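Please read the structure below before turning to the comments.
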Amino acid sequence: MTTPPDPAPVTAGPPAAKPGSESLHYAVRNPKLIIGFTLVVLLLAAGLVGPLLLDSGNPNEYVGPQAAAPDGTYWMGTTTFGQDVYAQFVHGLRATFLVGVVGGAIAAVIAMVVGFLAGYRGGIVDEILNMLTNVVLVIPALAVLLIINAYLGVRSVAVQGLFIGLTSWPWAARAIRAQTFSLRTREFVDLARLSGSGTWRIVFREIAPNMSSYLFMMFILLFGGSILIASSLDFIGLGPTEGVSLGLMLQSAQQWSALQLGLWWWFIPPGAGITVIVGALYVANVGLDEVFNPKLRES
Amino acid sequence: MRRYFARKLLVYALTFVVAVTVNWMIPRFMPGDPVAAMVARARVSQPEAAEAMRTYYNNLFGFDEPLWQQYLHFWGALLQGDFGISIWVFPTPVGDVLLEALPYTLGLMVPAVLLSWFAGNWIGALSARRKVLDNTVLPIGYLLTAMPYMWIAVILAWALGAQAGWFPVSGGYSLDIQPGWNTDFALDALHHWVLPFLSLFLVALGGWAIGMRNMIIYELESDYSAYLSALGAPQRLIRRYAFRNAVLPQVTGLALQLGVLVAGALVTEIVFAYPGLGSLILAAIQNQDFFLLQGAFLFIVIGVLIANFLIDIVYVVVDPRTRTGMAGGTS
């Protein structure tokens, strides 16, 4: 991971070391970062490899005894219909990561375009984009997603991620705009402007690299946010019409009264999966913050 | 200050227009034929209901009219408080159905949001720069804030409701009791209210505590704190100054989090079959009642706008700089 130093005027690291290797030096010694990323990678691996090791490709198939508690054959038990909860879990992890990546990436791209443009150009462009950001910021995202998804007859994980991305960018755009604002008057940006570079060239060659650590952390938060929004949508019954996701597992557990029947193995794993992914991302993010920002490093 | 409020109100007015426009556009510009699909999907058994539906859809969509006229009619109906007729509880107007559910959602959300905000700020401020407390508050805070609302609700319902039997796990009141203004109903409603409240409260609590902790640490490292401690001011005093400054971003944060909090309340209500907007939205989706769904959307948007405006007023009270027209309170 090679990352330029933080945009803020911070105390210089060990003089001999390159900025990238300095970050790496602290990254491998940061327990928060290591624990967080390890958990995310483990679950990602479970989602990628797990389904391949299963006999059946369809996690919603009725394979086992009905409502059986976890045992050697069915590691996470079975549903009231005899579906294997473990099979649903590993397949669901895939959908959950996919919606996080798609939603997070789309939101990050929109946030960067809006934030850079508003922050760098300023003036009327900034006024208009800022107004747009504020309007989208105030509209409750889930409410819009409810309407859109309710009218979509067939829903897929990718389309769900697309719409989540389209509604969840405003806070990130605001943050990028503020950062860009503070960078645009620096000498190196002036120099690039004097040498005749265009707006986008300056943004991508001069401004973005100076806040790349910030952009990366922003993407992580957007990723986690997309997963949480998607799970809420799934739970309300507007999840993907085919397949399985962690949110859909919670929804069917709720719909078929797993709670009243005491089938705890049906609703504990999917929620725990979401919590671990999102929580680990948050913790890793704090670790990253400490790596990039020497002020936050303790001891 | 006038400029501050004028700017805010402009954003809210624009937001409302955009929300209504989105509400109007989605049924029209989604692929497929919405009227036929909706009438077919609703599968209403009463013929008069199906007929009213078709007539209503045709009137509302008015496909023979030009688009701008359809749009104006949509606004006209809306401004008269006409949200359409619910299909799920035909023929009750959507507005009435929503108004009946609103007290439950507000009664759940307002205390949960406010109490979690106060408690979270308090815990966060206490734990900042205090090793032992910080080491417990931080991990618990991250755990809570990463939990999906419906999952913590399910777990609480399972542990404290189904297993321990202390609290009922479904409904807003017992079925053998009539809603009314008497102590029996109040106590029963309170009993049903505890678990949904607790799950909303806990998830939000973690986020506020972490936010406050980080802000206090940031403020304690600022120049004025260093200056104060160089003067020999007691730690308590410095913390008090830090708190007053750290609370400002938390007020703004409350406004930013409103959408997430509403979403959390909706899914929590669904877990507990609590008779608020969330359960209505679920019923609307299951019964393909699009008027109810779109009415609920507008209700939520209006509610969030009002809450935003109240927070703006609070911000003026807690940040003197906005009153004198100096910096701060940028929109």
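We label chains A, B, ... in the order they appear in the structure tokens, count residues from 1 in each chain, and number ligands from 1 in the order shown.
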
Among segment 34-241 of chain A, which ones does DSSP assign to helix (DSSP H, G or I) (computed from the backbone)? Answer as JSON, numbers by chain. {"A": [34, 35, 36, 37, 38, 39, 40, 41, 42, 43, 44, 45, 46, 47, 48, 49, 50, 51, 52, 53, 85, 86, 87, 88, 89, 90, 91, 92, 93, 94, 95, 96, 97, 98, 99, 100, 101, 102, 103, 104, 105, 106, 107, 108, 109, 110, 111, 112, 113, 114, 115, 116, 117, 118, 119, 120, 121, 123, 124, 125, 126, 127, 128, 129, 130, 131, 132, 133, 134, 135, 136, 137, 138, 141, 142, 143, 144, 145, 146, 147, 148, 149, 150, 151, 157, 158, 159, 160, 161, 162, 163, 164, 165, 166, 167, 170, 171, 172, 173, 174, 175, 176, 177, 178, 179, 180, 181, 182, 183, 187, 188, 189, 190, 191, 192, 193, 194, 199, 200, 201, 202, 203, 204, 205, 206, 207, 208, 209, 210, 211, 212, 213, 214, 215, 216, 217, 218, 219, 220, 221, 222, 223, 224, 225, 226, 227, 228, 229, 230, 231, 232, 233, 234, 235, 236, 237, 238]}

Tell me as a ChimeraX atom specification which residues belonging to chain B come within 8 Å of chain A, counting only C-alpha atoms. /B:11-12,14-15,18-19,23,26-27,30,142-143,145-148,150-151,154-155,157-158,162,256,258-260,262-264,267,270-271,282,285-286,293-294,297,300-301,304-305,331

Any idea what's packed within 8 Å of Leu277 of chain B, counting only C-alpha atoms, ignoring anything in its chain fewer than 3 positions away? Could you give it as a list in words? Leu98, Ala101, Leu102, Tyr104, Thr105, Leu266, Glu269, Leu280, Ile281 and Ala296 of chain B

Go ahead and save the picked residues with N, CA and C atoms, as a PDB file, in the first residue's frame.
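The result, stored in result-v6.pdb:
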ATOM      1  N   LEU B  98     -52.264   6.923   7.425  1.00  0.00           N
ATOM      2  CA  LEU B  98     -50.932   7.330   7.878  1.00  0.00           C
ATOM      3  C   LEU B  98     -51.009   8.112   9.182  1.00  0.00           C
ATOM      4  N   ALA B 101     -51.144   5.936  12.190  1.00  0.00           N
ATOM      5  CA  ALA B 101     -49.916   5.230  12.553  1.00  0.00           C
ATOM      6  C   ALA B 101     -48.852   6.177  13.088  1.00  0.00           C
ATOM      7  N   LEU B 102     -48.973   7.453  12.729  1.00  0.00           N
ATOM      8  CA  LEU B 102     -47.917   8.412  13.033  1.00  0.00           C
ATOM      9  C   LEU B 102     -47.573   8.514  14.523  1.00  0.00           C
ATOM     10  N   TYR B 104     -47.505   6.381  16.854  1.00  0.00           N
ATOM     11  CA  TYR B 104     -46.677   5.267  17.312  1.00  0.00           C
ATOM     12  C   TYR B 104     -45.228   5.452  16.869  1.00  0.00           C
ATOM     13  N   THR B 105     -45.054   5.834  15.600  1.00  0.00           N
ATOM     14  CA  THR B 105     -43.687   6.036  15.116  1.00  0.00           C
ATOM     15  C   THR B 105     -43.008   7.183  15.864  1.00  0.00           C
ATOM     16  N   LEU B 266     -38.113   2.215  11.013  1.00  0.00           N
ATOM     17  CA  LEU B 266     -39.028   1.452  10.153  1.00  0.00           C
ATOM     18  C   LEU B 266     -38.797  -0.051  10.314  1.00  0.00           C
ATOM     19  N   GLU B 269     -39.819  -1.393  13.778  1.00  0.00           N
ATOM     20  CA  GLU B 269     -41.267  -1.571  13.880  1.00  0.00           C
ATOM     21  C   GLU B 269     -41.702  -2.865  13.216  1.00  0.00           C
ATOM     22  N   LEU B 280     -46.867  -0.213   8.315  1.00  0.00           N
ATOM     23  CA  LEU B 280     -47.727   0.179   7.188  1.00  0.00           C
ATOM     24  C   LEU B 280     -46.994  -0.005   5.867  1.00  0.00           C
ATOM     25  N   ILE B 281     -45.711   0.402   5.856  1.00  0.00           N
ATOM     26  CA  ILE B 281     -44.937   0.278   4.621  1.00  0.00           C
ATOM     27  C   ILE B 281     -44.816  -1.191   4.231  1.00  0.00           C
ATOM     28  N   ALA B 296     -46.632   7.356   2.414  1.00  0.00           N
ATOM     29  CA  ALA B 296     -45.700   7.190   3.526  1.00  0.00           C
ATOM     30  C   ALA B 296     -44.379   7.876   3.204  1.00  0.00           C
TER      31      ALA B 296
END

Interatomic distance (Å, one decimal) between atom CA of Phe243 of chain B and atom CA of Arg129 of chain B: 13.1 Å

List the spatial neighbours of Gly206 of chain B as a count of residues only - criterion: any atom at most 10 Å away, only C-alpha atoms, same-chain residues fewer than 5 positions off excluded. 20

Shell of 10 Å around Gln66 of chain A, only C-alpha atoms, local chain residues under 2 positions omitted, as a CSV table (one decimal) with N, CA and C atoms, in the first residue's frame:
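So the final result, stored in out-v2.csv, reads:
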chain,number,residue,atom,x,y,z
A,62,TYR,N,-34.4,-27.4,-0.6
A,62,TYR,CA,-34.7,-28.0,0.6
A,62,TYR,C,-33.9,-29.3,0.7
A,63,VAL,N,-32.9,-29.3,1.5
A,63,VAL,CA,-31.9,-30.4,1.5
A,63,VAL,C,-32.0,-31.3,2.8
A,64,GLY,N,-32.3,-30.7,3.9
A,64,GLY,CA,-32.1,-31.5,5.1
A,64,GLY,C,-33.4,-31.6,5.9
A,68,ALA,N,-33.8,-28.2,12.1
A,68,ALA,CA,-32.8,-28.9,12.9
A,68,ALA,C,-31.8,-27.9,13.5
A,69,ALA,N,-31.4,-28.2,14.7
A,69,ALA,CA,-30.3,-27.4,15.4
A,69,ALA,C,-29.0,-27.7,14.7
A,77,GLY,N,-27.4,-25.4,11.3
A,77,GLY,CA,-28.7,-25.8,11.4
A,77,GLY,C,-29.5,-25.7,10.1
A,78,THR,N,-30.8,-25.9,10.1
A,78,THR,CA,-31.6,-25.7,8.9
A,78,THR,C,-32.8,-24.9,9.3
A,79,THR,N,-33.5,-24.4,8.2
A,79,THR,CA,-34.7,-23.5,8.4
A,79,THR,C,-35.9,-24.5,8.6
A,80,THR,N,-37.1,-23.8,8.7
A,80,THR,CA,-38.3,-24.6,8.9
A,80,THR,C,-38.6,-25.4,7.6
A,81,PHE,N,-38.0,-25.0,6.5
A,81,PHE,CA,-38.2,-25.8,5.3
A,81,PHE,C,-37.1,-26.8,5.0
A,82,GLY,N,-36.1,-26.8,5.8
A,82,GLY,CA,-35.0,-27.7,5.6
A,82,GLY,C,-34.0,-27.2,4.7
A,83,GLN,N,-33.9,-25.8,4.6
A,83,GLN,CA,-32.8,-25.3,3.9
A,83,GLN,C,-31.5,-25.2,4.8
A,84,ASP,N,-30.4,-25.4,4.2
A,84,ASP,CA,-29.1,-25.4,5.0
A,84,ASP,C,-28.7,-23.9,5.2

Contacts of Ile238 of chain B at 12 Å (only C-alpha atoms; same-chain gap of 2+ positions) as a ChimeraX atom specification: /B:216-217,219-236,240-245

I'd like the neighbourhood of Val314 of chain B as number ranges by chain, where a residue qualifies if any of its atoms comes within 10 Å (using only C-alpha atoms), though same-chain residues fewer than 5 positions away should be ignored. B: 251-252, 308-309, 319

Deliver the residues from the most recent selection as a file, using C-alpha atoms, as a compact mmCIF listing (two decimals), in the first residue's frame.
# COMPACT_ATOMS: atom_id res chain seq x y z
CA VAL B 251 -25.93 18.76 16.52
CA THR B 252 -25.13 18.87 12.80
CA ASN B 308 -34.08 19.44 10.17
CA PHE B 309 -35.58 22.86 10.65
CA ASP B 319 -23.79 28.42 18.64

Can you check which parts of segment 74-156 of chain A lie within 8 Å of segment 180-194 of chain A? Per residue, the shortest pair of atoms and distance in Å to one decimal, counting only C-alpha atoms, sorted by chain and number, as CSV.
residue,atom,partner,partner_atom,distance
A:Gly115,CA,A:Thr180,CA,7.5
A:Phe116,CA,A:Thr180,CA,6.2
A:Gly119,CA,A:Phe181,CA,4.9
A:Tyr120,CA,A:Thr180,CA,6.2
